[in-house]
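Participant: What follows is query.cif, mmCIF, C-alpha atoms.
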data_my_file
loop_
_atom_site.label_atom_id
_atom_site.label_comp_id
_atom_site.auth_asym_id
_atom_site.auth_seq_id
_atom_site.Cartn_x
_atom_site.Cartn_y
_atom_site.Cartn_z
CA MET F 1 -6.11 -49.86 -11.49
CA ALA F 2 -3.67 -48.04 -9.24
CA ARG F 3 -1.40 -47.38 -12.21
CA LYS F 4 -4.29 -45.86 -14.13
CA LEU F 5 -5.08 -43.58 -11.22
CA VAL F 6 -1.48 -42.40 -11.06
CA VAL F 7 -1.50 -41.70 -14.80
CA VAL F 8 -4.71 -39.67 -14.54
CA LEU F 9 -3.36 -37.72 -11.57
CA ALA F 10 -0.12 -37.05 -13.44
CA GLN F 11 -2.08 -35.81 -16.44
CA ILE F 12 -4.09 -33.45 -14.24
CA VAL F 13 -0.95 -32.12 -12.56
CA VAL F 14 0.78 -31.55 -15.90
CA ALA F 15 -2.29 -29.69 -17.20
CA LEU F 16 -2.50 -27.59 -14.02
CA ILE F 17 1.13 -26.53 -14.55
CA THR F 18 1.06 -26.17 -18.32
CA LEU F 19 -2.07 -24.08 -18.78
CA PRO F 20 -1.17 -21.33 -16.27
CA ALA F 21 2.35 -21.31 -17.71
CA VAL F 22 0.93 -20.81 -21.20
CA ALA F 23 -1.31 -18.02 -19.89
CA LEU F 24 1.64 -16.27 -18.22
CA ALA F 25 3.81 -16.61 -21.32
CA THR F 26 1.02 -15.21 -23.48
CA LEU F 27 0.51 -12.23 -21.15
CA TYR F 28 4.26 -11.60 -21.10
CA ILE F 29 4.48 -11.66 -24.89
CA GLU F 30 1.33 -9.58 -25.27
CA ASN F 31 2.76 -6.86 -23.01
CA ARG F 32 6.36 -6.74 -24.16
CA ASP F 33 5.85 -4.31 -27.02
CA ASN F 34 3.30 -2.10 -25.28
CA ASP F 35 3.92 1.58 -24.65
CA GLY F 36 4.82 1.02 -21.03
CA PRO F 37 4.55 -1.81 -18.55
CA SER F 38 1.50 -3.30 -16.93
CA VAL F 39 1.42 -3.76 -13.19
CA ILE F 40 3.01 -7.19 -13.41
CA PHE F 41 4.59 -7.57 -16.84
CA PRO F 42 7.30 -5.43 -18.44
CA GLY F 43 6.42 -3.39 -21.50
CA GLY F 44 8.23 -1.95 -24.46
CA GLU F 45 9.57 1.46 -25.37
CA LEU F 46 7.94 4.47 -23.72
CA VAL F 47 6.51 6.41 -26.64
CA SER F 48 3.63 8.53 -25.43
CA GLY F 49 3.92 11.58 -23.23
CA ASP F 50 5.71 14.89 -23.64
CA LEU F 51 9.49 14.72 -23.48
CA TYR F 52 10.69 17.06 -20.76
CA THR F 53 13.26 19.67 -21.71
CA GLY F 54 14.47 22.43 -19.49
CA PRO F 55 16.18 22.90 -16.17
CA GLU F 56 16.45 20.17 -13.61
CA PRO F 57 12.97 19.76 -12.11
CA ASP F 58 12.15 20.04 -8.45
CA TRP F 59 11.76 16.34 -7.85
CA SER F 60 9.95 16.73 -4.55
CA PHE F 61 6.70 16.15 -6.42
CA THR F 62 7.71 12.50 -6.77
CA ASN F 63 7.01 12.07 -3.06
CA GLU F 64 3.37 12.07 -4.08
CA VAL F 65 3.95 9.55 -6.90
CA GLY F 66 3.64 5.84 -6.13
CA THR F 67 5.11 4.22 -9.21
CA VAL F 68 6.90 5.35 -12.34
CA HIS F 69 7.67 3.79 -15.71
CA LEU F 70 11.37 3.16 -16.23
CA GLN F 71 12.80 2.14 -19.59
CA LEU F 72 16.38 1.37 -20.50
CA GLU F 73 17.48 2.49 -23.94
CA ASP F 74 19.22 -0.84 -24.40
CA PRO F 75 17.20 -2.98 -24.36
CA PRO F 76 14.10 -0.79 -24.82
CA ARG F 77 12.01 -2.54 -22.20
CA SER F 78 10.05 -0.74 -19.52
CA ARG F 79 8.96 -1.73 -16.06
CA LEU F 80 6.97 -0.29 -13.20
CA THR F 81 9.09 0.74 -10.26
CA TRP F 82 9.11 2.77 -7.06
CA ILE F 83 10.92 6.07 -6.84
CA GLU F 84 12.57 7.85 -3.95
CA GLU F 85 13.60 11.47 -3.73
CA SER F 86 16.35 12.69 -1.44
CA ASN F 87 18.25 15.98 -1.35
CA GLY F 88 16.87 17.04 -4.70
CA LYS F 89 17.92 13.83 -6.45
CA ILE F 90 15.80 10.85 -7.46
CA TYR F 91 16.63 7.20 -7.01
CA VAL F 92 15.31 3.77 -7.86
CA THR F 93 16.30 0.61 -6.06
CA SER F 94 16.46 -3.02 -7.04
CA ASP F 95 16.13 -5.66 -4.36
CA TYR F 96 17.03 -9.36 -4.31
CA MET F 97 20.29 -8.68 -6.16
CA GLY F 98 22.28 -10.95 -3.86
CA THR F 99 21.12 -14.12 -5.59
CA TRP F 100 21.42 -15.31 -9.18
CA LEU F 101 17.64 -15.66 -9.33
CA GLY F 102 17.22 -12.07 -8.20
CA ARG F 103 19.72 -10.85 -10.76
CA LEU F 104 17.91 -12.85 -13.41
CA TRP F 105 14.56 -11.39 -12.36
CA LYS F 106 15.94 -7.85 -12.07
CA HIS F 107 18.14 -8.15 -15.12
CA TRP F 108 17.42 -4.53 -16.03
CA ALA F 109 19.55 -3.48 -13.04
CA VAL F 110 22.44 -5.62 -14.23
CA ARG F 111 22.12 -4.17 -17.74
CA ALA F 112 21.98 -0.64 -16.37
CA TYR F 113 25.05 -1.21 -14.23
CA GLU F 114 27.10 -2.97 -16.88
CA GLY F 115 25.91 -0.86 -19.81
CA ASP F 116 25.65 2.86 -20.39
CA GLY F 117 22.67 3.26 -18.05
CA LEU F 118 20.75 5.51 -20.44
CA ALA F 119 17.11 5.44 -19.48
CA VAL F 120 13.77 7.14 -19.94
CA LEU F 121 11.55 7.78 -16.98
CA ARG F 122 7.86 8.51 -17.32
CA ILE F 123 6.11 10.18 -14.43
CA ASN F 124 2.49 11.30 -14.68
CA GLY F 125 2.66 11.05 -18.47
CA VAL F 126 5.83 13.12 -18.88
CA ARG F 127 9.04 11.48 -20.10
CA TYR F 128 12.45 12.42 -18.70
CA GLU F 129 15.73 11.34 -20.28
CA ARG F 130 18.03 10.24 -17.48
CA LYS F 131 21.06 8.12 -16.78
CA LEU F 132 21.04 5.33 -14.21
CA VAL F 133 24.15 5.61 -12.09
CA ARG F 134 24.65 2.97 -9.43
CA VAL F 135 25.55 4.46 -6.09
CA PHE F 136 27.10 2.52 -3.27
CA TYR F 137 26.35 3.12 0.35
CA SER F 138 27.30 6.47 1.79
CA PRO F 139 25.59 8.54 4.48
CA GLU F 140 23.98 10.48 1.63
CA LEU F 141 21.76 7.45 1.00
CA GLU F 142 20.20 7.65 4.46
CA GLY F 143 17.57 9.94 2.94
CA VAL F 144 16.76 7.33 0.30
CA ILE F 145 16.41 4.63 2.95
CA GLU F 146 14.16 6.82 5.11
CA ASN F 147 12.06 7.85 2.12
CA LYS F 148 11.58 4.28 0.93
CA ILE F 149 10.61 3.03 4.38
CA GLU F 150 8.20 5.90 4.94
CA LYS F 151 6.69 5.83 1.47
CA TYR F 152 6.51 2.11 0.77
CA ASN F 153 6.88 0.49 4.19
CA SER F 154 10.02 -1.11 2.75
CA ARG F 155 12.47 -3.25 4.72
CA ILE F 156 15.48 -1.65 3.04
CA THR F 157 18.52 -1.30 5.29
CA LYS F 158 21.96 0.20 5.08
CA GLU F 159 23.34 -3.35 5.43
CA ALA F 160 21.33 -4.55 2.40
CA ILE F 161 22.88 -1.82 0.28
CA GLU F 162 26.38 -2.43 1.62
CA SER F 163 26.12 -6.18 0.99
CA GLY F 164 24.82 -5.75 -2.55
CA GLU F 165 21.42 -7.28 -1.77
CA THR F 166 19.84 -3.97 -2.74
CA TRP F 167 21.23 -1.89 -5.58
CA VAL F 168 20.56 1.83 -5.63
CA PHE F 169 20.62 3.91 -8.80
CA GLU F 170 20.53 7.64 -9.03
CA LEU F 171 18.49 8.85 -11.99
CA ALA F 172 21.05 11.45 -12.89
CA PRO F 173 20.86 14.01 -15.68
CA ARG F 174 22.42 12.68 -18.86
CA ASP F 175 24.85 15.55 -19.18
CA GLN F 176 26.32 14.81 -15.76
CA SER F 177 29.81 13.36 -16.10
CA MET Z 178 -6.75 -41.54 -22.00
CA LYS Z 179 -3.94 -42.50 -24.29
CA LEU Z 180 -0.83 -40.33 -24.20
CA LYS Z 181 -1.29 -39.17 -27.77
CA ASN Z 182 -4.87 -38.06 -27.13
CA TYR Z 183 -3.84 -36.38 -23.90
CA LEU Z 184 -1.09 -34.41 -25.61
CA ILE Z 185 -3.49 -33.33 -28.38
CA LEU Z 186 -6.01 -32.21 -25.76
CA LEU Z 187 -3.37 -30.35 -23.76
CA PHE Z 188 -1.99 -28.65 -26.87
CA SER Z 189 -5.50 -27.65 -27.98
CA ALA Z 190 -6.33 -26.27 -24.55
CA SER Z 191 -3.05 -24.31 -24.53
CA VAL Z 192 -3.81 -22.78 -27.93
CA LEU Z 193 -7.32 -21.94 -26.75
CA VAL Z 194 -5.96 -20.24 -23.62
CA SER Z 195 -3.46 -18.21 -25.66
CA LEU Z 196 -5.98 -17.13 -28.27
CA SER Z 197 -8.54 -16.24 -25.62
CA ILE Z 198 -6.06 -13.99 -23.82
CA LEU Z 199 -5.00 -12.38 -27.08
CA PHE Z 200 -8.42 -11.83 -28.60
CA VAL Z 201 -11.05 -11.70 -25.86
CA PRO Z 202 -11.21 -8.03 -24.79
CA GLY Z 203 -10.40 -7.48 -21.14
CA LEU Z 204 -9.48 -11.09 -20.37
CA GLY Z 205 -5.77 -10.37 -20.05
CA GLU Z 206 -6.46 -7.45 -17.71
CA SER Z 207 -8.81 -9.57 -15.63
CA ILE Z 208 -6.24 -12.32 -15.22
CA GLU Z 209 -3.62 -9.77 -14.29
CA SER Z 210 -5.92 -8.14 -11.74
CA TRP Z 211 -6.61 -11.52 -10.21
CA MET Z 212 -2.88 -12.27 -10.07
CA LEU Z 213 -2.22 -8.92 -8.45
CA GLY Z 214 -4.89 -9.56 -5.85
CA PHE Z 215 -3.47 -13.01 -5.21
CA LEU Z 216 0.05 -11.64 -4.81
CA ALA Z 217 -1.16 -8.83 -2.55
CA ARG Z 218 -2.92 -11.31 -0.30
CA ASN Z 219 -0.21 -13.94 -0.20
CA ALA Z 220 3.18 -12.36 -0.83
CA ALA Z 221 5.44 -12.00 2.19
CA VAL Z 222 5.80 -8.38 3.28
#
When written as C-alpha coordinates, how does the structure in this file appear?
Facilitator:
Amino acid sequence: MARKLVVVLAQIVVALITLPAVALATLYIENRDNDGPSVIFPGGELVSGDLYTGPEPDWSFTNEVGTVHLQLEDPPRSRLTWIEESNGKIYVTSDYMGTWLGRLWKHWAVRAYEGDGLAVLRINGVRYERKLVRVFYSPELEGVIENKIEKYNSRITKEAIESGETWVFELAPRDQS
Amino acid sequence: MKLKNYLILLFSASVLVSLSILFVPGLGESIESWMLGFLARNAAV
(Lines of atoms letter the chains of each structure in order from A and count residues from 1; the text may use other names and numbers.)
(Lines give C-alpha, C1' and ligand atoms only; values in the text may rest on other atoms or scores of the structure.)
Protein backbone atom coordinates (compact mmCIF):
# COMPACT_ATOMS: atom_id res chain seq x y z
CA MET A 1 0.00 0.00 0.00
CA ALA A 2 2.75 2.39 1.06
CA ARG A 3 4.74 1.50 -2.05
CA LYS A 4 1.76 2.29 -4.24
CA LEU A 5 1.38 5.67 -2.58
CA VAL A 6 5.04 6.47 -3.19
CA VAL A 7 4.68 5.49 -6.85
CA VAL A 8 1.61 7.72 -7.28
CA LEU A 9 3.36 10.63 -5.56
CA ALA A 10 6.42 10.13 -7.76
CA GLN A 11 4.24 10.12 -10.85
CA ILE A 12 2.58 13.37 -9.77
CA VAL A 13 5.94 15.00 -9.06
CA VAL A 14 7.36 13.92 -12.42
CA ALA A 15 4.28 15.31 -14.19
CA LEU A 16 4.49 18.59 -12.25
CA ILE A 17 8.10 18.98 -13.43
CA THR A 18 7.68 17.69 -16.97
CA LEU A 19 4.62 19.64 -18.08
CA PRO A 20 5.91 23.11 -17.09
CA ALA A 21 9.27 22.20 -18.63
CA VAL A 22 7.54 21.27 -21.88
CA ALA A 23 5.58 24.54 -21.77
CA LEU A 24 8.77 26.57 -21.24
CA ALA A 25 10.60 24.73 -24.02
CA THR A 26 7.69 25.31 -26.38
CA LEU A 27 7.56 29.03 -25.56
CA TYR A 28 11.33 29.29 -26.04
CA ILE A 29 11.17 27.58 -29.43
CA GLU A 30 8.11 29.57 -30.47
CA ASN A 31 9.90 32.85 -29.72
CA ARG A 32 13.36 32.14 -31.05
CA ASP A 33 12.70 33.14 -34.64
CA ASN A 34 10.45 36.10 -33.88
CA ASP A 35 11.32 39.63 -34.96
CA GLY A 36 12.55 40.59 -31.53
CA PRO A 37 12.38 39.14 -28.05
CA SER A 38 9.43 38.78 -25.74
CA VAL A 39 9.70 39.99 -22.19
CA ILE A 40 11.08 36.67 -20.99
CA PHE A 41 12.29 34.71 -24.00
CA PRO A 42 14.93 35.70 -26.56
CA GLY A 43 13.86 36.29 -30.13
CA GLY A 44 15.44 36.15 -33.54
CA GLU A 45 16.85 38.69 -35.93
CA LEU A 46 15.56 42.25 -35.66
CA VAL A 47 13.95 42.86 -39.03
CA SER A 48 11.32 45.55 -38.68
CA GLY A 49 11.98 49.21 -38.06
CA ASP A 50 13.89 51.84 -39.99
CA LEU A 51 17.66 51.42 -40.03
CA TYR A 52 19.24 54.59 -38.69
CA THR A 53 21.83 56.29 -40.86
CA GLY A 54 23.40 59.61 -40.15
CA PRO A 55 25.45 61.31 -37.50
CA GLU A 56 25.84 59.93 -34.03
CA PRO A 57 22.51 60.53 -32.26
CA ASP A 58 22.07 62.44 -29.05
CA TRP A 59 21.55 59.41 -26.88
CA SER A 60 20.11 61.34 -23.96
CA PHE A 61 16.66 60.31 -25.17
CA THR A 62 17.44 56.79 -23.95
CA ASN A 63 17.09 58.06 -20.39
CA GLU A 64 13.36 57.95 -21.06
CA VAL A 65 13.53 54.42 -22.52
CA GLY A 66 13.11 51.45 -20.19
CA THR A 67 14.18 48.53 -22.34
CA VAL A 68 15.70 48.04 -25.77
CA HIS A 69 16.05 45.12 -28.16
CA LEU A 70 19.65 44.00 -28.60
CA GLN A 71 20.68 41.50 -31.27
CA LEU A 72 24.10 40.10 -31.98
CA GLU A 73 24.91 39.52 -35.63
CA ASP A 74 26.43 36.18 -34.71
CA PRO A 75 24.31 34.45 -33.60
CA PRO A 76 21.29 36.50 -34.76
CA ARG A 77 19.39 36.25 -31.51
CA SER A 78 17.80 39.19 -29.76
CA ARG A 79 17.01 39.90 -26.15
CA LEU A 80 15.40 42.60 -24.08
CA THR A 81 17.85 44.60 -22.03
CA TRP A 82 18.29 47.80 -20.05
CA ILE A 83 20.28 50.69 -21.42
CA GLU A 84 22.30 53.38 -19.72
CA GLU A 85 23.54 56.64 -21.17
CA SER A 86 26.56 58.48 -19.84
CA ASN A 87 28.63 61.30 -21.31
CA GLY A 88 26.98 60.93 -24.70
CA LYS A 89 27.68 57.20 -24.93
CA ILE A 90 25.33 54.28 -24.39
CA TYR A 91 26.00 51.12 -22.45
CA VAL A 92 24.43 47.79 -21.62
CA THR A 93 25.43 45.65 -18.70
CA SER A 94 25.30 41.95 -18.00
CA ASP A 95 25.10 40.76 -14.41
CA TYR A 96 25.81 37.38 -12.81
CA MET A 97 28.90 36.90 -14.99
CA GLY A 98 30.99 35.67 -12.08
CA THR A 99 29.50 32.18 -12.17
CA TRP A 100 29.38 29.54 -14.88
CA LEU A 101 25.59 29.50 -14.60
CA GLY A 102 25.47 33.25 -15.13
CA ARG A 103 27.77 33.02 -18.13
CA LEU A 104 25.59 30.24 -19.51
CA TRP A 105 22.44 32.31 -18.99
CA LYS A 106 24.04 35.49 -20.36
CA HIS A 107 25.90 33.71 -23.12
CA TRP A 108 25.28 36.63 -25.47
CA ALA A 109 27.75 38.67 -23.39
CA VAL A 110 30.39 35.97 -23.71
CA ARG A 111 29.80 35.79 -27.48
CA ALA A 112 29.97 39.57 -27.77
CA TYR A 113 33.21 39.70 -25.81
CA GLU A 114 34.90 36.80 -27.56
CA GLY A 115 33.53 37.53 -31.03
CA ASP A 116 33.40 40.65 -33.16
CA GLY A 117 30.70 42.29 -31.03
CA LEU A 118 28.67 43.44 -34.03
CA ALA A 119 25.14 44.12 -32.90
CA VAL A 120 21.87 45.75 -33.82
CA LEU A 121 19.99 47.81 -31.30
CA ARG A 122 16.32 48.64 -31.68
CA ILE A 123 14.96 51.55 -29.70
CA ASN A 124 11.40 52.77 -30.17
CA GLY A 125 11.18 50.90 -33.47
CA VAL A 126 14.40 52.30 -34.95
CA ARG A 127 17.38 50.01 -35.56
CA TYR A 128 20.95 51.15 -34.94
CA GLU A 129 24.00 49.20 -36.10
CA ARG A 130 26.51 49.21 -33.27
CA LYS A 131 29.48 47.34 -31.91
CA LEU A 132 29.57 45.95 -28.39
CA VAL A 133 32.89 46.83 -26.82
CA ARG A 134 33.51 45.56 -23.31
CA VAL A 135 34.81 48.26 -21.03
CA PHE A 136 36.53 47.59 -17.75
CA TYR A 137 36.18 49.75 -14.72
CA SER A 138 37.45 53.30 -14.95
CA PRO A 139 36.12 56.47 -13.33
CA GLU A 140 34.33 57.13 -16.63
CA LEU A 141 31.91 54.33 -15.72
CA GLU A 142 30.72 56.15 -12.60
CA GLY A 143 28.07 57.79 -14.79
CA VAL A 144 26.86 54.38 -15.96
CA ILE A 145 26.64 53.13 -12.38
CA GLU A 146 24.74 56.23 -11.25
CA ASN A 147 22.40 56.05 -14.23
CA LYS A 148 21.62 52.38 -13.72
CA ILE A 149 20.94 52.83 -10.01
CA GLU A 150 18.75 55.86 -10.60
CA LYS A 151 16.90 54.44 -13.58
CA TYR A 152 16.46 50.81 -12.57
CA ASN A 153 17.08 50.80 -8.82
CA SER A 154 19.97 48.46 -9.62
CA ARG A 155 22.49 47.16 -7.08
CA ILE A 156 25.40 47.61 -9.49
CA THR A 157 28.66 48.62 -7.83
CA LYS A 158 32.14 49.56 -8.90
CA GLU A 159 33.36 46.40 -7.13
CA ALA A 160 31.01 44.21 -9.19
CA ILE A 161 32.47 45.60 -12.39
CA GLU A 162 36.05 45.31 -11.16
CA SER A 163 35.54 41.70 -10.06
CA GLY A 164 33.91 40.67 -13.34
CA GLU A 165 30.54 39.95 -11.74
CA THR A 166 29.04 42.65 -13.95
CA TRP A 167 30.24 43.16 -17.50
CA VAL A 168 29.77 46.54 -19.12
CA PHE A 169 29.61 47.03 -22.88
CA GLU A 170 29.69 50.30 -24.72
CA LEU A 171 27.43 50.30 -27.76
CA ALA A 172 30.03 52.00 -29.87
CA PRO A 173 29.69 53.12 -33.48
CA ARG A 174 30.86 50.42 -35.86
CA ASP A 175 33.39 52.63 -37.57
CA GLN A 176 35.15 53.32 -34.27
CA SER A 177 38.51 51.55 -34.17
CA MET B 1 -1.25 3.01 -13.02
CA LYS B 2 1.27 0.90 -14.85
CA LEU B 3 4.48 2.61 -15.92
CA LYS B 4 3.72 2.16 -19.60
CA ASN B 5 0.28 3.75 -19.27
CA TYR B 6 1.72 6.56 -17.18
CA LEU B 7 4.38 7.35 -19.76
CA ILE B 8 1.78 7.33 -22.55
CA LEU B 9 -0.41 9.70 -20.53
CA LEU B 10 2.52 11.99 -19.72
CA PHE B 11 3.66 12.05 -23.34
CA SER B 12 0.12 12.78 -24.54
CA ALA B 13 -0.29 15.58 -22.01
CA SER B 14 3.07 17.05 -23.07
CA VAL B 15 2.06 17.02 -26.74
CA LEU B 16 -1.28 18.61 -25.81
CA VAL B 17 0.48 21.36 -23.83
CA SER B 18 2.86 22.08 -26.72
CA LEU B 19 0.16 22.15 -29.37
CA SER B 20 -2.08 24.32 -27.21
CA ILE B 21 0.68 26.89 -26.75
CA LEU B 22 1.50 26.84 -30.44
CA PHE B 23 -2.03 26.99 -31.81
CA VAL B 24 -4.36 28.52 -29.24
CA PRO B 25 -4.23 32.29 -29.86
CA GLY B 26 -3.03 34.29 -26.89
CA LEU B 27 -2.23 31.30 -24.68
CA GLY B 28 1.54 31.74 -24.96
CA GLU B 29 1.23 35.44 -24.10
CA SER B 30 -1.01 34.64 -21.15
CA ILE B 31 1.45 32.12 -19.75
CA GLU B 32 4.28 34.57 -20.20
CA SER B 33 2.32 37.34 -18.47
CA TRP B 34 1.62 35.03 -15.57
CA MET B 35 5.30 34.08 -15.38
CA LEU B 36 6.29 37.73 -15.43
CA GLY B 37 3.87 38.51 -12.63
CA PHE B 38 5.16 35.56 -10.65
CA LEU B 39 8.77 36.64 -11.13
CA ALA B 40 7.94 40.25 -10.25
CA ARG B 41 6.29 39.15 -7.03
CA ASN B 42 8.85 36.59 -5.97
CA ALA B 43 12.24 37.43 -7.45
CA ALA B 44 14.81 38.85 -5.06
CA VAL B 45 15.46 42.54 -5.69
Participant: Leaving out region 202-216 of chain Z and any residue of its chain fewer than 6 positions from it, which residues lie within 12 Å of it when counting only C-alpha atoms, given as a list in words?
Facilitator: Pro20, Ala23, Leu24, Ala25, Thr26, Leu27, Tyr28, Ile29, Glu30, Asn31, Ser38, Val39, Ile40 and Phe41 of chain F; Val194, Ser195, Leu196 and Val222 of chain Z
Participant: Smallest atom-to-atom distance to chain Z: which of F:Thr166, F:Val8, F:Leu141, F:Ala109, using all atoms listed in the file?
Facilitator: F:Val8
Participant: Take every atom of region 186-202 of chain Z listed in the file, pad by 3 Å on each side, and give me the axis-aligned box centre and edge lengths in Å, one decimal, as JSON.
Facilitator:
{"center_x": -6.6, "center_y": -20.1, "center_z": -26.1, "size_x": 15.2, "size_y": 30.2, "size_z": 11.0}
Participant: Counting only C-alpha atoms, which residue out of Z:Ser197, Z:Ser191, Z:Ala217, Z:Leu180 sits closest to chain F?
Facilitator: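 Nearest to chain F: Z:Ser191.
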Participant: Name all residues at most 8 Å from Gly66 (chain F) (count only C-alpha atoms; drop same-chain ones fewer than 2 positions away) and give them as a ChimeraX atom specification.
Facilitator: /F:62-64,68,82-83
Participant: One decimal, Å: what's the distance from CA of Gly36 (chain F) over to CA of Gly49 (chain F), could you say?
Facilitator: 10.8 Å
Participant: Expressed in Å to a single decimal, how great is the separation between CA of His69 (chain F) and CA of Ser163 (chain F)?
Facilitator: 26.8 Å
Participant: Using the chain letters and residue numbers of this document, give as a PyMOL selection string the residues selected by the PyMOL selection byres ((chain F and resi 165) around 12).
Facilitator: chain F and resi 93-103+106+136-137+155-164+166-168
Participant: Here is a test: counting all atoms listed in the file, which residue of Z:Ser189, Z:Lys181, Z:Asn219, Z:Ile198 is nearest to chain F?
Facilitator: Z:Ile198
Participant: To test your reading of the syntax: which residues would the PyMOL selection byres ((chain F and resi 115) around 12) return for the file shown? Reply as a PyMOL selection string.
Facilitator: chain F and resi 72-75+107-114+116-119+131-134
Participant: Need the shell around Leu121 (chain F): protein/DNA/RNA residues with any atom at most 8 Å away, counting all atoms listed in the file. Skip same-chain ones fewer than 3 positions apart. Format as an mmCIF file with C-alpha atoms, keeping the file's coordinate frame?
Facilitator:
data_model
loop_
_atom_site.group_PDB
_atom_site.id
_atom_site.type_symbol
_atom_site.label_atom_id
_atom_site.label_comp_id
_atom_site.auth_asym_id
_atom_site.auth_seq_id
_atom_site.Cartn_x
_atom_site.Cartn_y
_atom_site.Cartn_z
ATOM 1 C CA VAL F 68 6.900 5.350 -12.340
ATOM 2 C CA HIS F 69 7.670 3.790 -15.710
ATOM 3 C CA LEU F 70 11.370 3.160 -16.230
ATOM 4 C CA GLN F 71 12.800 2.140 -19.590
ATOM 5 C CA ARG F 127 9.040 11.480 -20.100
ATOM 6 C CA TYR F 128 12.450 12.420 -18.700
ATOM 7 C CA GLU F 129 15.730 11.340 -20.280
ATOM 8 C CA ARG F 130 18.030 10.240 -17.480
#
Participant: Just give me the gap between CA of Pro57 (chain F) and CA of Ile90 (chain F) in Å, one decimal is fine.
Facilitator: 10.4 Å
Participant: Using all atoms listed in the file, which of F:Glu45, F:Glu150, F:Asp33, F:Asp50 sits nearest Ile123 (chain F)?
Facilitator: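 With all atoms listed in the file as the atom set, the closest residue is F:Asp50.
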Participant: From the set F:Val92, F:Ile149, F:Asp35, F:Ile12, which residue has the shortest atom-to-atom contact distance to Leu186 (chain Z), counting all atoms listed in the file?
Facilitator: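 So, comparing all the options, the nearest one is F:Ile12.
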Participant: Could you pull the residues within 10 Å of Asn147 (chain F), counting all atoms listed in the file, minus those fewer than 5 positions along the same chain, as number ranges by chain?
Facilitator: F: 63, 83-86, 141-142, 152-154
Participant: Using the atoms already present, construct N, CA and C atoms for region 67-83 of chain F and hand them back as a JSON list (two decimals), in the coordinates of the input.
Facilitator:
[["chain", "number", "residue", "atom", "x", "y", "z"],
["F", 67, "THR", "N", 4.29, 5.00, -8.29],
["F", 67, "THR", "CA", 5.11, 4.22, -9.21],
["F", 67, "THR", "C", 5.41, 5.03, -10.47],
["F", 68, "VAL", "N", 6.51, 4.68, -11.09],
["F", 68, "VAL", "CA", 6.90, 5.35, -12.34],
["F", 68, "VAL", "C", 7.23, 4.28, -13.38],
["F", 69, "HIS", "N", 7.24, 4.69, -14.63],
["F", 69, "HIS", "CA", 7.67, 3.79, -15.71],
["F", 69, "HIS", "C", 9.15, 4.06, -15.98],
["F", 70, "LEU", "N", 9.94, 3.02, -15.99],
["F", 70, "LEU", "CA", 11.37, 3.16, -16.23],
["F", 70, "LEU", "C", 11.76, 2.29, -17.41],
["F", 71, "GLN", "N", 12.38, 2.89, -18.40],
["F", 71, "GLN", "CA", 12.80, 2.14, -19.59],
["F", 71, "GLN", "C", 14.28, 2.34, -19.85],
["F", 72, "LEU", "N", 14.99, 1.25, -20.06],
["F", 72, "LEU", "CA", 16.38, 1.37, -20.50],
["F", 72, "LEU", "C", 16.38, 1.60, -22.01],
["F", 73, "GLU", "N", 17.39, 2.31, -22.48],
["F", 73, "GLU", "CA", 17.48, 2.49, -23.94],
["F", 73, "GLU", "C", 17.94, 1.18, -24.59],
["F", 74, "ASP", "N", 18.75, 0.43, -23.86],
["F", 74, "ASP", "CA", 19.22, -0.84, -24.40],
["F", 74, "ASP", "C", 19.17, -1.90, -23.33],
["F", 75, "PRO", "N", 18.26, -2.81, -23.36],
["F", 75, "PRO", "CA", 17.20, -2.98, -24.36],
["F", 75, "PRO", "C", 16.01, -2.07, -24.04],
["F", 76, "PRO", "N", 15.23, -1.71, -25.04],
["F", 76, "PRO", "CA", 14.10, -0.79, -24.82],
["F", 76, "PRO", "C", 12.90, -1.48, -24.18],
["F", 77, "ARG", "N", 13.08, -1.88, -22.96],
["F", 77, "ARG", "CA", 12.01, -2.54, -22.20],
["F", 77, "ARG", "C", 11.69, -1.68, -20.98],
["F", 78, "SER", "N", 10.44, -1.60, -20.64],
["F", 78, "SER", "CA", 10.05, -0.74, -19.52],
["F", 78, "SER", "C", 9.44, -1.57, -18.40],
["F", 79, "ARG", "N", 9.55, -1.06, -17.21],
["F", 79, "ARG", "CA", 8.96, -1.73, -16.06],
["F", 79, "ARG", "C", 8.44, -0.67, -15.09],
["F", 80, "LEU", "N", 7.55, -1.15, -14.22],
["F", 80, "LEU", "CA", 6.97, -0.29, -13.20],
["F", 80, "LEU", "C", 7.87, -0.36, -11.98],
["F", 81, "THR", "N", 8.20, 0.79, -11.42],
["F", 81, "THR", "CA", 9.09, 0.74, -10.26],
["F", 81, "THR", "C", 8.75, 1.87, -9.29],
["F", 82, "TRP", "N", 9.27, 1.73, -8.07],
["F", 82, "TRP", "CA", 9.11, 2.77, -7.06],
["F", 82, "TRP", "C", 10.18, 3.84, -7.29],
["F", 83, "ILE", "N", 9.95, 4.98, -6.70],
["F", 83, "ILE", "CA", 10.92, 6.07, -6.84],
["F", 83, "ILE", "C", 11.06, 6.77, -5.50]]
